[in-house]
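Participant: I am attaching a structure below and will ask some questions about it afterwards.
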Amino acid sequence: MKTYAETDILDVIIIGSGAGGAPLAARLAQAGKSVLVLEAGPKFTPSHYTSDEIEAREIYWLNERLSGGRNPQPFGGNNSGTGVGGSLLHYGAFLPRPDARDFQLQTETGLSVDWPFRYEELLPYIEEVEAFIGVSGPPQYPWDSSRHYAYAPPPANPAAVKMREACDAIGLRHADGPTALITRSFNQPHFGTRQGCVSCGACHQGCRNGAKSGADNTWLPFAVAHGAEIRPGCFVHTIETDQAGRVTGVVYKQNGQDIRQRCEKLVLSAGAVETARLLLHNGLANSSGQVGENYMTHISTQIWGEIDQEVRPNRGYPSLTITEDMMRPKDADFAGGYLIQSLGMMPITWASNIARGSTRRGADLVRTLAGYNRSIGMGIHGDCMPSPENRVVLSDEKDSFGIPKPLITHSYGPNELAMHAHASRLLTSMWDAIGVRDLRILDRAAHMMGTARMGKDSGSAVVTPYGQSFDIDNLWISDHSTFPSATAANPALTIMALSLRTADAMLAH
Amino acid sequence: MTHPSDTPLFLASNHLSRRTHDILKERLEEDSSALPRTLSPTAFAVLERLVTVLLPQEEILGQQTLNLALRVDMALSGPRDGWRFAELPSDIQAWEQALLTLNDLSISQFERPFPQLEDSAVEAFLDGMGEGKVGLHTPDRLQPPQMQKWSLDLRADVIECFLADPRVQDRLGMSANLNGGDERFQGFETVQANEREDFEPITKICSAA
């Protein structure tokens with residue numbers, strides 16, 4: 001890997017090496033730009049990942065966050081990663097495309113906001129991402145006959161099979177979902193051999209054989225091969241500007257030392273909490289007053305229950321079956337929609353959800369835990385609207401770097417509550433229809449989006465539709481903080497597609 | 001409380017990575033000799049009493065139960081999970097104050113410290129916390145809404161420490177850690193219902209069968 005000196009002035013510094021930063025690094029490096037990616041976390045060795053869910057927290061973002069509001073969101077493994085590859089190291093690899101209608105929800109319903117461009121504009125980038133990283137899916141996708149996936153789906157585990165039965169029972173279409181993993185070995189250019197998925201089930205604890213399509217085994221090696229440097233263990237705390245207000249560089253902490261690195265352009269790809277925290281802490285790019293505002297999640301209601309079979313929910317790709325039939329349900333009393341997926345789960349993650357989502361205790365709790373090997377689940381990802389109630393601000397408490405810890409306020413509004421209630425009824429009827437027992441609904445939210453939204457108006461958005469700051473022309477944002485609304489799709493694919501689009505805009509700029 | 005020394009057979013499997021093996025092996029011995037290092041003696045005694053009612057271990061582990069309170073105490077001093085409720089002070093402070101809140105309430109309501117309460121009274125406290133009805137409005141103690149939040153942390157940490165133990169995993173027939181060795185990363189050959197592979201532990205208690 002090429003390395004740059006501290007005295008070098010880079011064409012581009014990117015803060016964060018995940019879904020937002022990595023594709024852009026690859027694109028800009030390929031175009032001949034000098035690119036440095038600063039990653040706060042370490043570089044992990046995939047074969048060293050452990051299925052032990054306590055120790056596996058090493059790949060989660062563990063700098064403490066304060067979580068408030070009426071629906072305080074658990075962080076850690078729920079949504080934020082660390083290490084070279086970012087949150088894609090631990091993501092579940094469920095890779096549905098966003099629904100075109102979710103980009104125009106205000107036009108459709110009068111609620112939420114429209115994205116500043118149409119889905120069709122992002123589609124070529126979505127297809128490029130899928131082709132480059134490797135995605136598996138069914139030969140025919142029921143909700144979009146035009147798309148094709150390069151890899152066959154992994155084997156269906158019992159939760160996936162049972163969800164198919166439940167869909168059939170109540171008349172919903174279903175399919176194997178798009179998953180960001182490869183099911184046969186592939187020699188990834190500039191990386192090497194990636195093995196096919198072996199159904200180990202520990203996607204969230206780090207993929208040990210390269211089957212999961214992350215940034216660490218796709219975009220980043222490509223970027224490095226084209227001259228980019230990935231520098232791990234570098235926590236950026238200061239963004240420096242000149243008298244004209246343009247970015248001149250950053251200061252980061254590495255091994256206890258403050259190091260300055262200068263650049264022509266800076267890209268923030270640190271995620272919806274850290275990107276906002278960095279801007280707020282440095283008092284930058286906020287003439288709109290929108291930095292930190294409109295924090296969003298996905299409504300991620302789950303249902304769990306038991307069947308009279310030994311299903312061992314740790315085995316197999318966790319969440320294979322999908323239905324998109326609830327993207328615009330006919331009986332909806334809310335705007336937007338949600339995806340449903342089947343769920344297997346590793347035991348401690350599963351049990352933590354029970355701990356936080358139920359009041360069971362004593363013998364009842366023991367019996368529930370003992371039912372792990374008979375448990376099957378389903379979960380939704382539902383669109384979430386921007387709300388002035390929900391935000392990231394700086395708290396009064398400092399972290400170990402001397403920077404204020406982020407305080408995240410998250411409360412469901414009427415639309416989110418209505419969607420959760422709708423999903424709870426539907427999921428219950430689905431498991432009831434095939435005789436699943438001891439049903440438990442878990443009210444939870446996952447993922448993070450918003451806090452530096454894009455738009456056409458500098459008074460109500462932080463960045464342009466291409467991710468460029470309205471206030472500082474050499475400052476760009478490439479991560480889910482630019483999402484104007486959540487959409488129902490898991491965010492990774494949209495983040496990566498936007499990242500390539502932003503890179504193209506930077507090259508054209 | 002006894003300290004189990006039996007080692008689950010699955011720890012010898014070549015479907016377990018060396019690193020995971022070492023993590024689990026070390027955890028087996030975690031509570032054999034240590035003393036609480038995070039909580040005060042009074043708070044720790046309250047936690048011990050709470051844990052026996054929240055999660056009675058005997059059905060799963062027989063008489064060889066874990067010192068779960070001690071494991072939670074140790075976990076509180078280790079790396080945490082990256083977040084906390086905004087309404088609560090730092091984890092260690094919150095746990096100390098929550099447990100002392102329960103002790104104060106026990107003394108004022110039952111004229112004896114929390115560890116001496118009957119199961120039914122402890123159950124009532126657990127349920128009351130969940131409903132936001134237990135707490136104190138005095139300095140260094142937690143108010144009812146704070147206790148309600150903390151009770152979720154209590155439940156999560158106790159359950160996590162329990163399921164993290166390889167003996168518990170073995171008794172419940174869990175194969176999550178047997179997902180691949182170092183020499184060969186096997187994964188699972190079958191993911192079908194009712195098809196157990198030879199290396200996967202069988203369930204050893206009736207209610208899990």
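Going by the structure tokens order, chains are called A, B, ..., each with residues numbered from 1, while ligands are numbered from 1 in the order shown.
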Near Gly362 in chain A, counting only C-alpha atoms, which residues have an atom at most 8 Å away, once you skip same-chain residues fewer than 2 positions from it, shown as a list in words?

Facilitator: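 Listing them by chain and then by number gives Arg360, Asp364, Leu365 and Val366 of chain A; Val53, Leu54, Leu55 and Pro56 of chain B.
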
Participant: Keeping C-alpha atoms, export the residues of the selection given above as a short mmCIF file (atom, residue, chain, number, x, y, z; two decimals), in the first residue's frame.

Facilitator:
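The resulting file, selection20.cif, is shown below:
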```cif
data_model
loop_
_atom_site.label_atom_id
_atom_site.label_comp_id
_atom_site.auth_asym_id
_atom_site.auth_seq_id
_atom_site.Cartn_x
_atom_site.Cartn_y
_atom_site.Cartn_z
CA ARG A 360 -40.53 -12.18 31.59
CA ASP A 364 -41.02 -18.07 32.61
CA LEU A 365 -37.80 -16.39 31.50
CA VAL A 366 -35.79 -19.59 31.90
CA VAL B 53 -35.33 -14.38 41.33
CA LEU B 54 -34.93 -12.88 37.87
CA LEU B 55 -33.11 -15.89 36.46
CA PRO B 56 -33.24 -19.06 38.56
#
```

Participant: Output as a tab-separated table one row per residue of chain A within 6 Å of chain B: the closest atom pair and its distance in Å to one decimal place, counting only C-alpha atoms, sorted by chain and residue number ascending.

Facilitator:
```
residue	atom	partner	partner_atom	distance
A:Thr50	CA	B:Thr20	CA	5.7
A:Ser51	CA	B:Asn177	CA	5.5
A:Leu62	CA	B:Gly82	CA	3.7
A:Asn63	CA	B:Gly82	CA	5.3
A:Glu64	CA	B:Gly82	CA	4.4
A:Arg65	CA	B:Trp83	CA	4.4
A:Leu66	CA	B:Ala86	CA	4.6
A:Ser67	CA	B:Phe85	CA	4.8
A:Gly68	CA	B:Ala86	CA	5.0
A:Phe75	CA	B:Trp83	CA	5.7
A:Gly76	CA	B:Gly82	CA	4.9
A:Asn157	CA	B:Val191	CA	5.2
A:Pro158	CA	B:Ala193	CA	5.8
A:Val198	CA	B:Gly187	CA	4.8
A:Ser199	CA	B:Gly187	CA	5.5
A:Cys200	CA	B:Gly187	CA	4.2
A:Gln309	CA	B:Asn194	CA	5.9
A:Glu310	CA	B:Asn194	CA	4.9
A:Val311	CA	B:Ala193	CA	4.5
A:Asn314	CA	B:Ala176	CA	5.4
A:Arg315	CA	B:Val191	CA	5.6
A:Gly316	CA	B:Val191	CA	5.7
A:Ile348	CA	B:Glu160	CA	5.8
A:Ser352	CA	B:Ala156	CA	5.2
A:Ala355	CA	B:Ala156	CA	5.0
A:Arg356	CA	B:Leu152	CA	5.3
A:Arg361	CA	B:Leu54	CA	5.0
A:Gly362	CA	B:Leu54	CA	4.9
A:Ala370	CA	B:Ala208	CA	4.7
A:Gly371	CA	B:Ala208	CA	5.3
```

Participant: Give me the residues within 6 Å of range 92-108 of chain A as a PyMOL selection string, counting only C-alpha atoms and dropping any in the same chain fewer than 5 places off.

Facilitator: chain A and resi 113-115+119+178-180+203-204+487+489

Participant: Can you tell me, as an MDAnalysis selection string, what residues are no more than 12 Å from Leu100 in chain B when counting only C-alpha atoms, ignoring any on the same chain fewer than 2 positions away?

Facilitator: chainID B and resid 39:47 93:98 102:107 113:115 135:136 138:143 147

Participant: Output C-alpha atoms for every residue in that selection, as a short mmCIF file (atom, residue, chain, number, x, y, z; two decimals), in the first residue's frame.

Facilitator:
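Result file is part-v7.cif:
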```cif
data_model
loop_
_atom_site.label_atom_id
_atom_site.label_comp_id
_atom_site.auth_asym_id
_atom_site.auth_seq_id
_atom_site.Cartn_x
_atom_site.Cartn_y
_atom_site.Cartn_z
CA LEU B 39 -20.11 -2.55 43.26
CA SER B 40 -20.10 -1.84 46.99
CA PRO B 41 -20.78 -4.85 49.25
CA THR B 42 -24.30 -3.59 49.98
CA ALA B 43 -25.16 -3.07 46.32
CA PHE B 44 -23.61 -6.40 45.35
CA ALA B 45 -25.70 -8.26 47.92
CA VAL B 46 -28.85 -6.69 46.45
CA LEU B 47 -27.78 -7.79 42.98
CA GLN B 93 -22.91 4.76 38.99
CA ALA B 94 -26.34 3.80 37.72
CA TRP B 95 -25.99 0.21 38.89
CA GLU B 96 -24.71 1.22 42.33
CA GLN B 97 -27.46 3.79 42.80
CA ALA B 98 -30.22 1.54 41.47
CA LEU B 102 -33.85 -1.04 46.13
CA ASN B 103 -32.16 -1.60 49.46
CA ASP B 104 -33.45 1.68 50.88
CA LEU B 105 -36.96 0.88 49.72
CA SER B 106 -36.73 -2.60 51.22
CA ILE B 107 -35.72 -1.18 54.59
CA PRO B 113 -32.39 -5.15 53.83
CA PHE B 114 -33.17 -6.35 50.33
CA PRO B 115 -31.13 -9.58 50.50
CA GLY B 135 -37.75 4.61 42.84
CA LEU B 136 -36.72 7.38 45.20
CA THR B 138 -33.47 11.52 47.01
CA PRO B 139 -29.85 12.36 46.12
CA ASP B 140 -27.71 9.52 44.76
CA ARG B 141 -30.75 7.33 44.24
CA LEU B 142 -32.73 6.71 41.07
CA GLN B 143 -36.23 7.95 40.41
CA MET B 147 -35.30 2.63 37.57
#
```

Participant: Could you write out, as a count of residues only, all the residues of range 70-200 of chain B that DSSP marks as alpha helix (DSSP H)?

Facilitator: 65

Participant: Ala131 in chain A: which residues within 10 Å, counting only C-alpha atoms, same-chain residues fewer than 3 positions away excluded, as a ChimeraX atom specification?

Facilitator: /A:125-128,134-135,148-150

Participant: For the selection you just gave me, I'd like the residues written to a file as an mmCIF file, in the first residue's frame, keeping N, CA, C and O atoms.

Facilitator:
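Contents of out-v3.cif, freshly written:
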```
data_model
loop_
_atom_site.group_PDB
_atom_site.id
_atom_site.type_symbol
_atom_site.label_atom_id
_atom_site.label_comp_id
_atom_site.auth_asym_id
_atom_site.auth_seq_id
_atom_site.Cartn_x
_atom_site.Cartn_y
_atom_site.Cartn_z
ATOM 1 N N TYR A 125 -26.092 3.376 -10.455
ATOM 2 C CA TYR A 125 -25.104 3.195 -9.391
ATOM 3 C C TYR A 125 -25.435 1.975 -8.527
ATOM 4 O O TYR A 125 -24.553 1.245 -8.088
ATOM 5 N N ILE A 126 -26.723 1.760 -8.282
ATOM 6 C CA ILE A 126 -27.141 0.572 -7.529
ATOM 7 C C ILE A 126 -26.689 -0.686 -8.262
ATOM 8 O O ILE A 126 -26.130 -1.616 -7.665
ATOM 9 N N GLU A 127 -26.925 -0.687 -9.573
ATOM 10 C CA GLU A 127 -26.541 -1.869 -10.357
ATOM 11 C C GLU A 127 -25.019 -2.049 -10.368
ATOM 12 O O GLU A 127 -24.518 -3.174 -10.315
ATOM 13 N N GLU A 128 -24.315 -0.951 -10.405
ATOM 14 C CA GLU A 128 -22.853 -1.042 -10.389
ATOM 15 C C GLU A 128 -22.352 -1.611 -9.053
ATOM 16 O O GLU A 128 -21.454 -2.460 -9.022
ATOM 17 N N GLY A 134 -20.829 -8.255 -5.412
ATOM 18 C CA GLY A 134 -21.340 -9.629 -5.415
ATOM 19 C C GLY A 134 -22.568 -9.759 -4.539
ATOM 20 O O GLY A 134 -22.485 -9.615 -3.320
ATOM 21 N N VAL A 135 -23.713 -10.003 -5.182
ATOM 22 C CA VAL A 135 -24.977 -10.116 -4.455
ATOM 23 C C VAL A 135 -25.708 -11.366 -4.927
ATOM 24 O O VAL A 135 -25.732 -11.665 -6.126
ATOM 25 N N HIS A 148 -31.463 -8.883 -12.085
ATOM 26 C CA HIS A 148 -30.807 -10.192 -12.069
ATOM 27 C C HIS A 148 -29.692 -10.185 -11.044
ATOM 28 O O HIS A 148 -28.975 -9.199 -10.911
ATOM 29 N N TYR A 149 -29.573 -11.276 -10.348
ATOM 30 C CA TYR A 149 -28.512 -11.396 -9.349
ATOM 31 C C TYR A 149 -27.477 -12.417 -9.821
ATOM 32 O O TYR A 149 -27.820 -13.440 -10.404
ATOM 33 N N ALA A 150 -26.229 -12.121 -9.544
ATOM 34 C CA ALA A 150 -25.136 -12.923 -10.092
ATOM 35 C C ALA A 150 -24.955 -14.257 -9.373
ATOM 36 O O ALA A 150 -24.377 -15.189 -9.929
#
```

Participant: As a ChimeraX atom specification, please: the residues near Met296 in chain A (cut-off 9 Å, only C-alpha atoms, same-chain neighbours under 2 positions excluded).

Facilitator: /A:272,294,298,384-387,390-391,410,447-451,483,485-486

Participant: If you count only C-alpha atoms, which residues fall within 9 Å of Gly382 in chain A, apart from same-chain ones fewer than 3 positions away, as a PyMOL selection string?

Facilitator: chain A and resi 297-301+327+336-340+416+419-420+486-489

Participant: Dump all heavy atoms for the selected residues as a short mmCIF file (atom, residue, chain, number, x, y, z; two decimals), in the first residue's frame?

Facilitator:
```
data_model
loop_
_atom_site.label_atom_id
_atom_site.label_comp_id
_atom_site.auth_asym_id
_atom_site.auth_seq_id
_atom_site.Cartn_x
_atom_site.Cartn_y
_atom_site.Cartn_z
N THR A 297 -34.49 6.33 11.95
CA THR A 297 -34.14 4.91 12.08
C THR A 297 -35.04 4.12 11.12
O THR A 297 -35.79 4.71 10.35
CB THR A 297 -34.40 4.41 13.51
OG1 THR A 297 -35.80 4.55 13.78
CG2 THR A 297 -33.59 5.20 14.52
N HIS A 298 -34.95 2.83 11.20
CA HIS A 298 -35.98 1.99 10.59
C HIS A 298 -36.84 1.39 11.70
O HIS A 298 -36.30 0.92 12.71
CB HIS A 298 -35.35 0.86 9.76
CG HIS A 298 -34.93 1.30 8.40
ND1 HIS A 298 -33.69 1.04 7.88
CD2 HIS A 298 -35.59 2.01 7.45
CE1 HIS A 298 -33.62 1.57 6.66
NE2 HIS A 298 -34.74 2.16 6.39
N ILE A 299 -38.12 1.41 11.46
CA ILE A 299 -39.02 0.70 12.37
C ILE A 299 -38.72 -0.78 12.19
O ILE A 299 -38.87 -1.30 11.08
CB ILE A 299 -40.49 1.01 12.03
CG1 ILE A 299 -40.71 2.52 12.10
CG2 ILE A 299 -41.43 0.25 12.93
CD1 ILE A 299 -41.93 2.96 11.33
N SER A 300 -38.26 -1.42 13.22
CA SER A 300 -37.75 -2.79 13.06
C SER A 300 -38.46 -3.75 14.00
O SER A 300 -37.83 -4.55 14.71
CB SER A 300 -36.24 -2.82 13.28
OG SER A 300 -35.61 -2.04 12.29
N THR A 301 -39.75 -3.67 13.99
CA THR A 301 -40.60 -4.56 14.80
C THR A 301 -40.28 -6.02 14.46
O THR A 301 -40.14 -6.37 13.29
CB THR A 301 -42.08 -4.27 14.48
OG1 THR A 301 -42.29 -2.85 14.58
CG2 THR A 301 -43.00 -5.01 15.43
N MET A 327 -45.08 -2.86 1.02
CA MET A 327 -44.52 -1.54 0.71
C MET A 327 -45.61 -0.48 0.55
O MET A 327 -45.37 0.69 0.78
CB MET A 327 -43.64 -1.62 -0.54
CG MET A 327 -42.25 -2.20 -0.27
SD MET A 327 -41.38 -1.35 1.08
CE MET A 327 -41.22 0.30 0.40
N GLY A 336 -46.15 5.41 3.34
CA GLY A 336 -44.97 4.59 3.14
C GLY A 336 -45.26 3.12 3.37
O GLY A 336 -46.42 2.69 3.29
N GLY A 337 -44.20 2.36 3.63
CA GLY A 337 -44.41 0.94 3.82
C GLY A 337 -43.22 0.26 4.44
O GLY A 337 -42.27 0.93 4.86
N TYR A 338 -43.30 -1.06 4.47
CA TYR A 338 -42.22 -1.81 5.12
C TYR A 338 -41.95 -3.13 4.42
O TYR A 338 -42.81 -3.70 3.76
CB TYR A 338 -42.52 -2.03 6.60
CG TYR A 338 -43.81 -2.75 6.94
CD1 TYR A 338 -43.86 -4.14 7.06
CD2 TYR A 338 -44.99 -2.04 7.20
CE1 TYR A 338 -45.03 -4.79 7.42
CE2 TYR A 338 -46.16 -2.68 7.54
CZ TYR A 338 -46.18 -4.07 7.66
OH TYR A 338 -47.35 -4.72 8.00
N LEU A 339 -40.71 -3.58 4.57
CA LEU A 339 -40.29 -4.89 4.10
C LEU A 339 -40.38 -5.87 5.27
O LEU A 339 -40.21 -5.48 6.42
CB LEU A 339 -38.82 -4.85 3.65
CG LEU A 339 -38.45 -3.84 2.55
CD1 LEU A 339 -36.94 -3.79 2.40
CD2 LEU A 339 -39.12 -4.25 1.24
N ILE A 340 -40.65 -7.13 4.95
CA ILE A 340 -40.62 -8.17 5.99
C ILE A 340 -39.55 -9.18 5.60
O ILE A 340 -39.44 -9.56 4.42
CB ILE A 340 -41.97 -8.90 6.13
CG1 ILE A 340 -43.12 -7.89 6.30
CG2 ILE A 340 -41.94 -9.87 7.31
CD1 ILE A 340 -44.50 -8.53 6.36
N GLU A 416 -44.99 6.41 12.43
CA GLU A 416 -44.18 5.26 12.84
C GLU A 416 -44.99 4.35 13.78
O GLU A 416 -44.92 3.12 13.69
CB GLU A 416 -42.90 5.73 13.54
CG GLU A 416 -41.85 6.33 12.60
CD GLU A 416 -42.17 7.75 12.16
OE1 GLU A 416 -42.88 8.46 12.90
OE2 GLU A 416 -41.72 8.15 11.07
N MET A 419 -47.44 2.36 11.75
CA MET A 419 -46.78 1.30 10.98
C MET A 419 -46.39 0.14 11.90
O MET A 419 -46.57 -1.03 11.55
CB MET A 419 -45.55 1.86 10.26
CG MET A 419 -45.03 0.93 9.17
SD MET A 419 -43.55 1.54 8.35
CE MET A 419 -44.17 2.91 7.40
N HIS A 420 -45.87 0.48 13.08
CA HIS A 420 -45.52 -0.57 14.04
C HIS A 420 -46.76 -1.39 14.41
O HIS A 420 -46.70 -2.63 14.48
CB HIS A 420 -44.89 0.07 15.30
CG HIS A 420 -44.83 -0.85 16.48
ND1 HIS A 420 -44.00 -1.95 16.53
CD2 HIS A 420 -45.52 -0.85 17.65
CE1 HIS A 420 -44.18 -2.57 17.69
NE2 HIS A 420 -45.09 -1.92 18.38
N ALA A 486 -35.95 7.92 5.42
CA ALA A 486 -35.22 6.67 5.66
C ALA A 486 -35.33 5.68 4.51
O ALA A 486 -34.39 4.94 4.25
CB ALA A 486 -35.74 6.02 6.94
N THR A 487 -36.43 5.70 3.78
CA THR A 487 -36.84 4.62 2.89
C THR A 487 -36.93 3.32 3.69
O THR A 487 -36.41 3.23 4.80
CB THR A 487 -35.94 4.40 1.65
OG1 THR A 487 -34.82 3.57 1.99
CG2 THR A 487 -35.47 5.70 1.05
N ALA A 488 -37.58 2.31 3.12
CA ALA A 488 -37.75 1.07 3.89
C ALA A 488 -36.58 0.11 3.73
O ALA A 488 -36.47 -0.85 4.49
CB ALA A 488 -39.04 0.38 3.45
N ALA A 489 -35.71 0.38 2.78
CA ALA A 489 -34.64 -0.59 2.51
C ALA A 489 -33.49 -0.43 3.51
O ALA A 489 -33.17 0.68 3.92
CB ALA A 489 -34.11 -0.39 1.09
#
```

Participant: So how many Å separate CA of Gly413 in chain A and CA of Asp333 in chain A, to one decimal?

Facilitator: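 If I compute the distance from CA of Gly413 in chain A to CA of Asp333 in chain A, I get 13.2 Å.
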
Participant: Pick the closest to Asn286 in chain A from A:Asp471, A:Glu130, A:Glu120, A:Glu264: which is it, counting only C-alpha atoms?

Facilitator: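 Closest to Asn286 in chain A, using only C-alpha atoms: A:Asp471.
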
Participant: How many Å separate CA of Lys265 in chain A from CA of Asp11 in chain A?

Facilitator: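 Spanning CA of Lys265 in chain A to CA of Asp11 in chain A is a straight-line distance of 6.1 Å.
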
Participant: How many Å separate CA of Ser319 in chain A from CA of Gln341 in chain A?

Facilitator: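 Separating CA of Ser319 in chain A from CA of Gln341 in chain A is a distance of 5.8 Å.
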